[in-house]
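Chemist: As input, take entry-v4.cif (mmCIF, C-alpha atoms and all ligand atoms):
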```cif
data_upload
#
loop_
_atom_site.label_atom_id
_atom_site.label_comp_id
_atom_site.auth_asym_id
_atom_site.auth_seq_id
_atom_site.Cartn_x
_atom_site.Cartn_y
_atom_site.Cartn_z
CA MET A 1 42.27 64.85 143.47
CA SER A 2 45.90 65.30 142.45
CA LYS A 3 47.25 68.81 142.01
CA VAL A 4 47.07 70.29 138.51
CA THR A 5 50.34 71.67 137.12
CA THR A 6 49.82 74.63 134.82
CA LEU A 7 52.19 75.34 131.95
CA HIS A 8 53.27 78.53 133.64
CA GLU A 9 54.22 76.70 136.86
CA PHE A 10 55.99 74.03 134.84
CA ILE A 11 58.04 76.55 132.86
CA MET A 12 59.05 78.36 136.05
CA ASP A 13 60.03 75.10 137.80
CA ARG A 14 62.22 74.13 134.82
CA GLN A 15 63.91 77.49 134.43
CA ALA A 16 66.93 76.46 136.49
CA GLU A 17 67.75 73.72 133.97
CA PHE A 18 69.13 76.28 131.54
CA GLN A 19 72.67 77.37 131.67
CA PHE A 20 72.95 81.14 132.24
CA SER A 21 69.18 81.28 132.60
CA THR A 22 67.83 84.78 133.18
CA GLY A 23 64.17 83.90 132.68
CA GLU A 24 63.86 85.30 129.15
CA LEU A 25 63.25 81.94 127.50
CA SER A 26 60.65 81.20 130.18
CA ARG A 27 58.90 84.49 129.44
CA LEU A 28 59.04 83.79 125.72
CA LEU A 29 57.45 80.37 126.16
CA SER A 30 54.76 81.94 128.33
CA ASP A 31 54.11 84.58 125.63
CA ILE A 32 53.70 81.82 123.04
CA ALA A 33 51.19 80.10 125.31
CA VAL A 34 49.18 83.31 125.67
CA ALA A 35 49.19 84.02 121.91
CA SER A 36 48.12 80.46 121.18
CA LYS A 37 45.22 80.74 123.63
CA ILE A 38 44.01 83.79 121.71
CA VAL A 39 44.41 81.96 118.38
CA SER A 40 42.62 78.94 119.84
CA LYS A 41 39.70 81.16 120.85
CA ASP A 42 39.55 82.55 117.28
CA VAL A 43 39.77 79.08 115.71
CA ARG A 44 36.97 77.77 117.95
CA ARG A 45 34.59 80.58 116.94
CA ALA A 46 35.74 81.12 113.35
CA GLY A 47 32.53 79.81 111.77
CA LEU A 48 30.49 82.35 113.75
CA LEU A 49 32.61 85.39 113.08
CA GLU A 50 32.55 87.54 110.00
CA ASN A 51 35.91 87.90 108.24
CA PHE A 52 37.47 84.83 109.87
CA LEU A 53 36.89 82.10 107.30
CA GLY A 54 37.86 82.04 103.64
CA ALA A 55 40.72 83.35 101.58
CA GLU A 56 42.43 86.63 102.38
CA GLY A 57 42.81 87.36 98.65
CA THR A 58 46.61 87.31 98.84
CA THR A 59 49.28 84.67 98.28
CA ASN A 60 52.44 84.08 100.27
CA ILE A 61 55.91 83.97 98.71
CA GLN A 62 55.38 80.30 97.96
CA GLY A 63 52.37 81.12 95.80
CA GLU A 64 49.92 79.59 98.27
CA GLU A 65 46.61 81.33 98.88
CA GLN A 66 46.54 82.85 102.36
CA GLN A 67 43.50 82.22 104.50
CA LYS A 68 42.12 84.97 106.70
CA LEU A 69 42.92 82.98 109.83
CA ASP A 70 46.51 82.39 108.62
CA VAL A 71 47.01 86.14 108.59
CA ILE A 72 45.13 86.75 111.86
CA ALA A 73 47.25 84.11 113.65
CA ASP A 74 50.46 85.46 112.11
CA ASN A 75 49.69 88.98 113.37
CA GLN A 76 48.75 87.67 116.80
CA PHE A 77 52.09 85.92 117.31
CA ILE A 78 54.11 88.80 115.82
CA ASN A 79 52.41 91.33 118.12
CA MET A 80 53.16 89.12 121.11
CA PHE A 81 56.84 88.76 120.13
CA GLN A 82 57.19 92.48 119.43
CA SER A 83 55.79 93.48 122.79
CA GLY A 84 57.61 90.82 124.82
CA GLY A 85 61.21 92.07 124.54
CA GLU A 86 62.81 88.61 124.37
CA VAL A 87 62.72 88.35 120.57
CA CYS A 88 64.78 90.49 118.16
CA GLY A 89 63.21 89.16 114.97
CA ILE A 90 61.04 86.50 113.42
CA ALA A 91 60.47 84.58 110.23
CA SER A 92 57.17 82.96 109.37
CA GLU A 93 55.53 81.06 106.58
CA GLU A 94 53.25 84.00 105.86
CA ASN A 95 55.97 86.63 105.43
CA ASP A 96 58.18 86.80 102.34
CA ASN A 97 61.20 88.07 104.26
CA PHE A 98 62.37 87.71 107.83
CA MET A 99 61.35 90.58 110.08
CA PRO A 100 63.99 92.25 112.28
CA PHE A 101 62.18 94.20 115.01
CA LYS A 102 63.17 97.86 114.86
CA SER A 103 62.65 99.12 118.41
CA GLU A 104 65.61 99.50 120.78
CA PHE A 105 63.61 97.38 123.28
CA SER A 106 63.36 94.45 120.84
CA LYS A 107 66.95 94.76 119.60
CA LYS A 108 68.00 93.73 123.12
CA GLY A 109 66.14 90.43 122.69
CA LYS A 110 68.38 87.35 122.65
CA TYR A 111 66.11 85.08 120.63
CA VAL A 112 64.63 84.65 117.17
CA VAL A 113 61.47 82.66 116.52
CA LEU A 114 60.64 80.88 113.28
CA PHE A 115 57.07 79.75 113.02
CA ASP A 116 54.15 78.57 110.97
CA PRO A 117 51.23 80.44 112.58
CA LEU A 118 48.52 78.15 111.25
CA ASP A 119 49.59 74.94 109.61
CA GLY A 120 47.11 72.87 107.63
CA SER A 121 45.57 75.85 105.83
CA SER A 122 43.42 73.68 103.58
CA ASN A 123 41.63 72.39 106.68
CA ILE A 124 40.77 75.78 108.22
CA ASP A 125 37.43 76.23 106.49
CA VAL A 126 36.23 72.68 107.03
CA ASN A 127 36.58 72.37 110.80
CA VAL A 128 39.46 69.88 110.75
CA SER A 129 42.43 70.03 113.16
CA ILE A 130 45.10 72.64 112.42
CA GLY A 131 48.14 73.79 114.35
CA THR A 132 50.90 76.28 115.10
CA ILE A 133 54.56 75.21 114.92
CA PHE A 134 57.46 77.18 116.43
CA SER A 135 61.22 77.00 116.68
CA ILE A 136 63.40 79.17 118.94
CA TYR A 137 67.11 79.97 118.49
CA ARG A 138 69.56 82.19 120.30
CA ARG A 139 70.63 84.94 117.95
CA VAL A 140 74.17 84.77 116.56
CA SER A 141 74.32 88.52 115.86
CA GLU A 142 75.25 90.96 118.58
CA VAL A 143 72.61 91.82 121.19
CA GLY A 144 71.48 95.43 120.75
CA THR A 145 71.63 95.34 116.94
CA GLU A 146 69.01 94.34 114.39
CA ALA A 147 68.45 90.63 113.77
CA THR A 148 70.12 89.26 110.64
CA LEU A 149 69.41 86.55 108.10
CA GLU A 150 72.21 84.55 109.71
CA ASP A 151 70.19 84.45 112.94
CA MET A 152 67.40 82.77 111.01
CA LEU A 153 69.46 80.31 108.97
CA GLN A 154 70.78 78.13 111.79
CA ALA A 155 70.81 74.35 111.67
CA GLY A 156 68.07 72.58 113.64
CA THR A 157 70.68 71.23 116.06
CA GLU A 158 70.99 74.81 117.40
CA GLN A 159 67.34 75.07 118.48
CA VAL A 160 66.95 75.94 122.15
CA ALA A 161 63.24 75.15 122.18
CA ALA A 162 60.54 74.05 119.78
CA GLY A 163 56.91 73.13 119.99
CA TYR A 164 53.51 73.02 118.46
CA VAL A 165 49.95 73.84 119.36
CA LEU A 166 47.25 71.54 118.06
CA TYR A 167 43.78 73.03 117.67
CA GLY A 168 42.04 69.65 117.65
CA SER A 169 39.18 68.18 119.64
CA SER A 170 41.01 69.91 122.47
CA THR A 171 43.81 72.48 122.22
CA MET A 172 47.20 71.11 123.21
CA LEU A 173 50.62 72.68 123.49
CA VAL A 174 53.60 70.32 123.25
CA TYR A 175 57.16 71.57 123.60
CA THR A 176 60.74 70.67 124.28
CA THR A 177 63.76 72.59 125.46
CA GLY A 178 66.01 69.61 124.83
CA LYS A 179 65.19 67.91 128.11
CA GLY A 180 62.33 65.69 127.03
CA VAL A 181 58.91 66.50 125.64
CA ASN A 182 55.88 67.56 127.64
CA GLY A 183 52.29 68.09 126.55
CA PHE A 184 49.68 70.42 128.03
CA THR A 185 45.94 70.49 127.38
CA LEU A 186 44.05 73.76 127.47
CA ASP A 187 41.34 73.61 130.11
CA PRO A 188 38.83 76.09 128.70
CA SER A 189 37.05 76.40 132.05
CA ILE A 190 40.09 78.06 133.66
CA GLY A 191 41.88 79.24 130.49
CA GLU A 192 45.10 77.45 131.43
CA PHE A 193 47.27 74.87 129.71
CA CYS A 194 47.60 72.00 132.22
CA LEU A 195 50.18 69.22 132.17
CA SER A 196 48.43 66.20 130.65
CA HIS A 197 51.22 64.33 128.84
CA PRO A 198 54.41 64.40 130.97
CA GLN A 199 57.67 63.09 129.50
CA MET A 200 56.23 61.96 126.18
CA LYS A 201 57.98 59.06 124.46
CA THR A 202 57.03 57.83 121.02
CA PRO A 203 56.76 54.07 120.47
CA ASP A 204 59.79 52.63 118.71
CA THR A 205 57.49 51.21 116.06
CA GLY A 206 53.81 51.40 115.17
CA ARG A 207 51.25 50.40 112.57
CA ILE A 208 50.23 53.70 110.99
CA TYR A 209 51.56 55.32 107.83
CA ALA A 210 50.61 58.83 106.74
CA MET A 211 51.26 60.07 103.24
CA ASN A 212 49.31 61.92 100.56
CA GLU A 213 49.03 58.88 98.34
CA GLY A 214 47.75 61.02 95.49
CA ASN A 215 51.47 61.64 94.97
CA ILE A 216 52.44 57.97 94.77
CA ASN A 217 53.14 58.00 91.03
CA ILE A 218 55.10 61.25 91.04
CA CYS A 219 57.63 60.32 93.73
CA GLU A 220 60.65 58.06 93.51
CA SER A 221 59.98 54.38 92.95
CA GLY A 222 61.39 53.27 96.32
CA ILE A 223 58.55 55.04 98.14
CA LYS A 224 55.90 53.40 95.98
CA GLU A 225 57.62 50.08 96.66
CA TYR A 226 57.66 50.73 100.43
CA ILE A 227 53.98 51.68 100.53
CA GLU A 228 52.68 48.99 98.20
CA THR A 229 54.89 46.04 99.05
CA TYR A 230 55.21 46.71 102.76
CA CYS A 231 52.65 49.09 104.33
CA GLN A 232 49.76 47.71 102.32
CA GLN A 233 50.61 44.02 102.81
CA THR A 234 49.97 41.82 105.82
CA GLN A 235 53.22 41.06 107.58
CA PRO A 236 54.14 37.97 109.61
CA GLY A 237 52.51 38.13 113.04
CA HIS A 238 49.85 40.65 111.97
CA GLU A 239 46.36 40.04 110.64
CA ARG A 240 46.15 43.32 108.76
CA PRO A 241 48.41 45.65 106.81
CA TYR A 242 49.31 49.04 108.32
CA SER A 243 46.51 51.57 108.68
CA GLY A 244 46.70 54.57 106.35
CA ARG A 245 45.83 57.80 108.19
CA TYR A 246 46.28 61.19 106.53
CA ILE A 247 44.66 64.33 107.89
CA GLY A 248 46.58 66.80 105.73
CA SER A 249 47.55 68.92 108.74
CA LEU A 250 51.12 68.08 109.61
CA VAL A 251 50.69 68.91 113.30
CA ALA A 252 47.68 66.60 113.62
CA ASP A 253 49.27 63.73 111.69
CA PHE A 254 52.48 64.16 113.66
CA HIS A 255 50.76 64.32 117.05
CA ARG A 256 48.77 61.14 116.42
CA ASN A 257 51.88 59.27 115.32
CA LEU A 258 53.89 60.62 118.26
CA ILE A 259 51.40 59.08 120.65
CA LYS A 260 50.45 55.90 118.81
CA GLY A 261 53.63 55.19 116.84
CA GLY A 262 53.77 55.60 113.07
CA ILE A 263 55.51 57.20 110.12
CA TYR A 264 54.72 60.40 108.20
CA ILE A 265 56.20 60.82 104.74
CA TYR A 266 56.16 63.86 102.45
CA PRO A 267 58.73 63.03 99.78
CA ASP A 268 60.10 65.08 96.91
CA THR A 269 57.96 64.66 93.80
CA THR A 270 58.20 65.70 90.16
CA VAL A 271 55.85 68.58 91.07
CA ASP A 272 57.71 69.59 94.26
CA PRO A 273 61.31 68.49 93.51
CA GLU A 274 62.53 69.61 96.95
CA GLY A 275 59.51 68.26 98.84
CA LYS A 276 56.65 70.42 100.12
CA LEU A 277 57.31 71.05 103.78
CA ARG A 278 59.48 73.89 104.98
CA LEU A 279 62.70 73.11 106.83
CA LEU A 280 62.84 76.05 109.19
CA TYR A 281 59.37 76.32 110.65
CA GLU A 282 57.75 72.95 109.94
CA CYS A 283 60.41 70.23 109.73
CA ASN A 284 63.09 71.33 112.22
CA PRO A 285 60.81 72.00 115.21
CA LEU A 286 58.98 68.68 114.86
CA ALA A 287 62.31 66.91 114.27
CA PHE A 288 63.60 68.30 117.59
CA ILE A 289 60.47 67.08 119.36
CA VAL A 290 60.47 63.63 117.77
CA GLU A 291 64.14 63.06 118.58
CA GLN A 292 63.55 64.14 122.17
CA ALA A 293 60.70 61.61 122.28
CA GLY A 294 62.93 58.82 120.92
CA GLY A 295 61.95 59.00 117.23
CA LEU A 296 63.67 60.04 114.03
CA ALA A 297 63.33 62.74 111.35
CA THR A 298 65.21 62.54 108.06
CA THR A 299 64.97 63.57 104.41
CA GLY A 300 64.98 59.86 103.64
CA ARG A 301 68.74 60.04 103.43
CA LYS A 302 69.97 62.53 106.01
CA ARG A 303 69.11 63.79 109.49
CA ILE A 304 66.86 66.87 109.20
CA MET A 305 68.42 68.82 112.06
CA GLU A 306 71.91 68.66 110.55
CA ILE A 307 70.94 70.43 107.32
CA LYS A 308 72.54 73.87 107.06
CA PRO A 309 69.69 76.07 105.79
CA GLU A 310 70.37 78.17 102.72
CA ARG A 311 67.01 79.92 102.31
CA LEU A 312 64.22 81.06 104.60
CA HIS A 313 61.46 79.10 102.89
CA GLN A 314 63.62 76.13 101.93
CA ARG A 315 61.72 72.88 101.46
CA VAL A 316 62.93 69.36 102.19
CA PRO A 317 61.62 65.81 101.76
CA TYR A 318 60.40 64.59 105.14
CA PHE A 319 60.30 61.18 106.86
CA ILE A 320 59.37 61.48 110.51
CA GLY A 321 58.09 59.22 113.27
CA SER A 322 58.91 56.00 115.06
CA LYS A 323 62.62 55.20 114.79
CA THR A 324 62.36 51.66 113.45
CA MET A 325 59.74 52.62 110.88
CA VAL A 326 61.69 55.60 109.54
CA GLU A 327 64.89 53.53 109.30
CA HIS A 328 63.01 50.78 107.52
CA ALA A 329 61.39 53.15 104.99
CA MET A 330 64.79 54.73 104.27
CA GLY A 331 66.06 51.29 103.30
CA PHE A 332 63.75 51.37 100.25
CA LEU A 333 65.39 54.48 98.80
CA LYS A 334 68.10 53.91 96.24
P1 LIG A 401 50.44 74.77 104.86
O1 LIG A 401 51.50 75.25 105.78
O2 LIG A 401 50.20 75.71 103.71
O3 LIG A 401 49.18 74.38 105.55
O4 LIG A 401 51.04 73.43 104.14
C1 LIG A 401 51.57 72.42 104.92
C2 LIG A 401 50.61 71.27 104.94
C3 LIG A 401 50.87 70.30 106.04
O5 LIG A 401 50.19 70.63 107.20
C4 LIG A 401 50.30 69.04 105.48
O6 LIG A 401 50.88 67.89 106.04
C5 LIG A 401 50.63 69.16 104.02
O7 LIG A 401 50.78 70.54 103.76
C6 LIG A 401 49.51 68.67 103.17
O8 LIG A 401 49.87 68.78 101.84
P2 LIG A 401 49.03 68.04 100.72
O9 LIG A 401 47.71 68.75 100.65
O10 LIG A 401 49.86 68.19 99.50
O11 LIG A 401 48.88 66.61 101.13
MG MG A 402 52.55 75.01 107.14
#
```
Would you kindly transcribe this structure into structure tokens?

Modeler:
Amino acid sequence: MSKVTTLHEFIMDRQAEFQFSTGELSRLLSDIAVASKIVSKDVRRAGLLENFLGAEGTTNIQGEEQQKLDVIADNQFINMFQSGGEVCGIASEENDNFMPFKSEFSKKGKYVVLFDPLDGSSNIDVNVSIGTIFSIYRRVSEVGTEATLEDMLQAGTEQVAAGYVLYGSSTMLVYTTGKGVNGFTLDPSIGEFCLSHPQMKTPDTGRIYAMNEGNINICESGIKEYIETYCQQTQPGHERPYSGRYIGSLVADFHRNLIKGGIYIYPDTTVDPEGKLRLLYECNPLAFIVEQAGGLATTGRKRIMEIKPERLHQRVPYFIGSKTMVEHAMGFLK
């Protein structure tokens, strides 16, 4: 039997790849892995536990109803970041404002983390795959002081690491530090993430499209044209049109397309004129991963990672997936 590589071993082996590495980023990635194992355990048992399923009774700044598990996962990651010492502040989907950590210990942290603790909220109560998405930046403010909004509002090109955890039929952690993408599956028998998908590359093209087609008549006409006249038609050399696959959990839709090849689209609509998905903790991290895997992420017109963020919860239209498919879809936009 070949030797299993755990995530921890992998992170340690790769530490030397970073310029000026002092091990803090490695510790931060390890902390994220530990927090996500705890969240995974909660997700797996949620139906059996009191106070884990259902709505929390509160809404986030975006007016969305918070689920109990959203809040539990958010607290789990925040506690881990606060006690780790590598992070000076965070921003998350579940918190109205960014959170600079107040202790002298945390103020020495070099990094900020922006994250969506549990993405795919509408799927939590119905036992469908959900995920965590995270994005890590070096702070631009001075070490030893409180984190600032400027630390949070950096372009995606400045990310030093990004990843996601998929709580699916198995729990997987996929991440990049800008040197390729690697995927790890949680082996519940030993409680370790083990390398299962080394050096992930996404196919240059595929035959899957993912979009909430309920929105087809409230988005720009080029998208309707792309879906109806291209995705839903048989093309030369193929017996069938594309397959439509839409889970409604971005992490799950993204992960499937990353492996099989495909395109995910969440455009701007008359209801959500800026799109629905959030630039900082949903779109940028997955854009970093997809580019590292050979794919593309755009607004339909512009590269996601080059957008200079203006607001914490800023939304953007999102086209992400196999390079050729994203480029082709963009050609339909006026
Ligand atoms: P959430 O962070 O509140 O869960 O919202 C983001 C989710 C994505 O996971 C998913 O792709 C999308 O919203 C689904 O939206 P819709 O229900 O409009 O199709
Ligand atoms: Mg989300």

Chemist: Between chain A and ligand LIG 401 (chain A), at 7 Å or less, what are the per-residue closest atom pairs and their distances in Å? Count all atoms listed in the file, order by chain and rising residue number, and return it as CSV.

Modeler:
```
residue,atom,partner,partner_atom,distance
A:Glu64,CA,A:LIG401,O2,6.7
A:Asp116,CA,A:LIG401,O1,6.7
A:Leu118,CA,A:LIG401,O3,6.9
A:Asp119,CA,A:LIG401,O3,4.1
A:Gly120,CA,A:LIG401,O3,3.3
A:Ser121,CA,A:LIG401,O3,3.9
A:Ser122,CA,A:LIG401,O3,6.1
A:Asn212,CA,A:LIG401,O11,4.7
A:Gly248,CA,A:LIG401,C6,4.3
A:Ser249,CA,A:LIG401,O5,3.5
A:Leu250,CA,A:LIG401,O6,3.6
A:Val251,CA,A:LIG401,O5,6.4
A:Lys276,CA,A:LIG401,O7,6.9
A:Leu277,CA,A:LIG401,C1,6.0
```

Chemist: Choose the residue, out of A:Glu228, A:Asp151, A:Glu192, A:Glu94, that has the smallest atom-to-atom separation from ligand MG 402 (chain A); count all atoms listed in the file.

Modeler: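 Selected residue with least distance to ligand MG 402 (chain A): A:Glu94.
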
Chemist: Quick check, in Å to one decimal: how far apart do CA of Val181 (chain A) and CA of Ile289 (chain A) lie?

Modeler: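 Taking CA of Val181 (chain A) and CA of Ile289 (chain A), their separation equals 6.5 Å.
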
Chemist: Taking all atoms listed in the file into account, which of A:Ser92, A:Ser2, A:Gln232, A:Thr202 comes nearest ligand MG 402 (chain A)?

Modeler: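 Ranking A:Ser92, A:Ser2, A:Gln232, A:Thr202 by distance to ligand MG 402 (chain A), first place goes to A:Ser92.
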
Chemist: Would you mind telling me which residue in A:Val140, A:Val271, A:Val43, A:Met305 lies nearest to Ile124 (chain A) when using all atoms listed in the file?

Modeler: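 Using all atoms listed in the file, Ile124 (chain A) sits closest to A:Val43.
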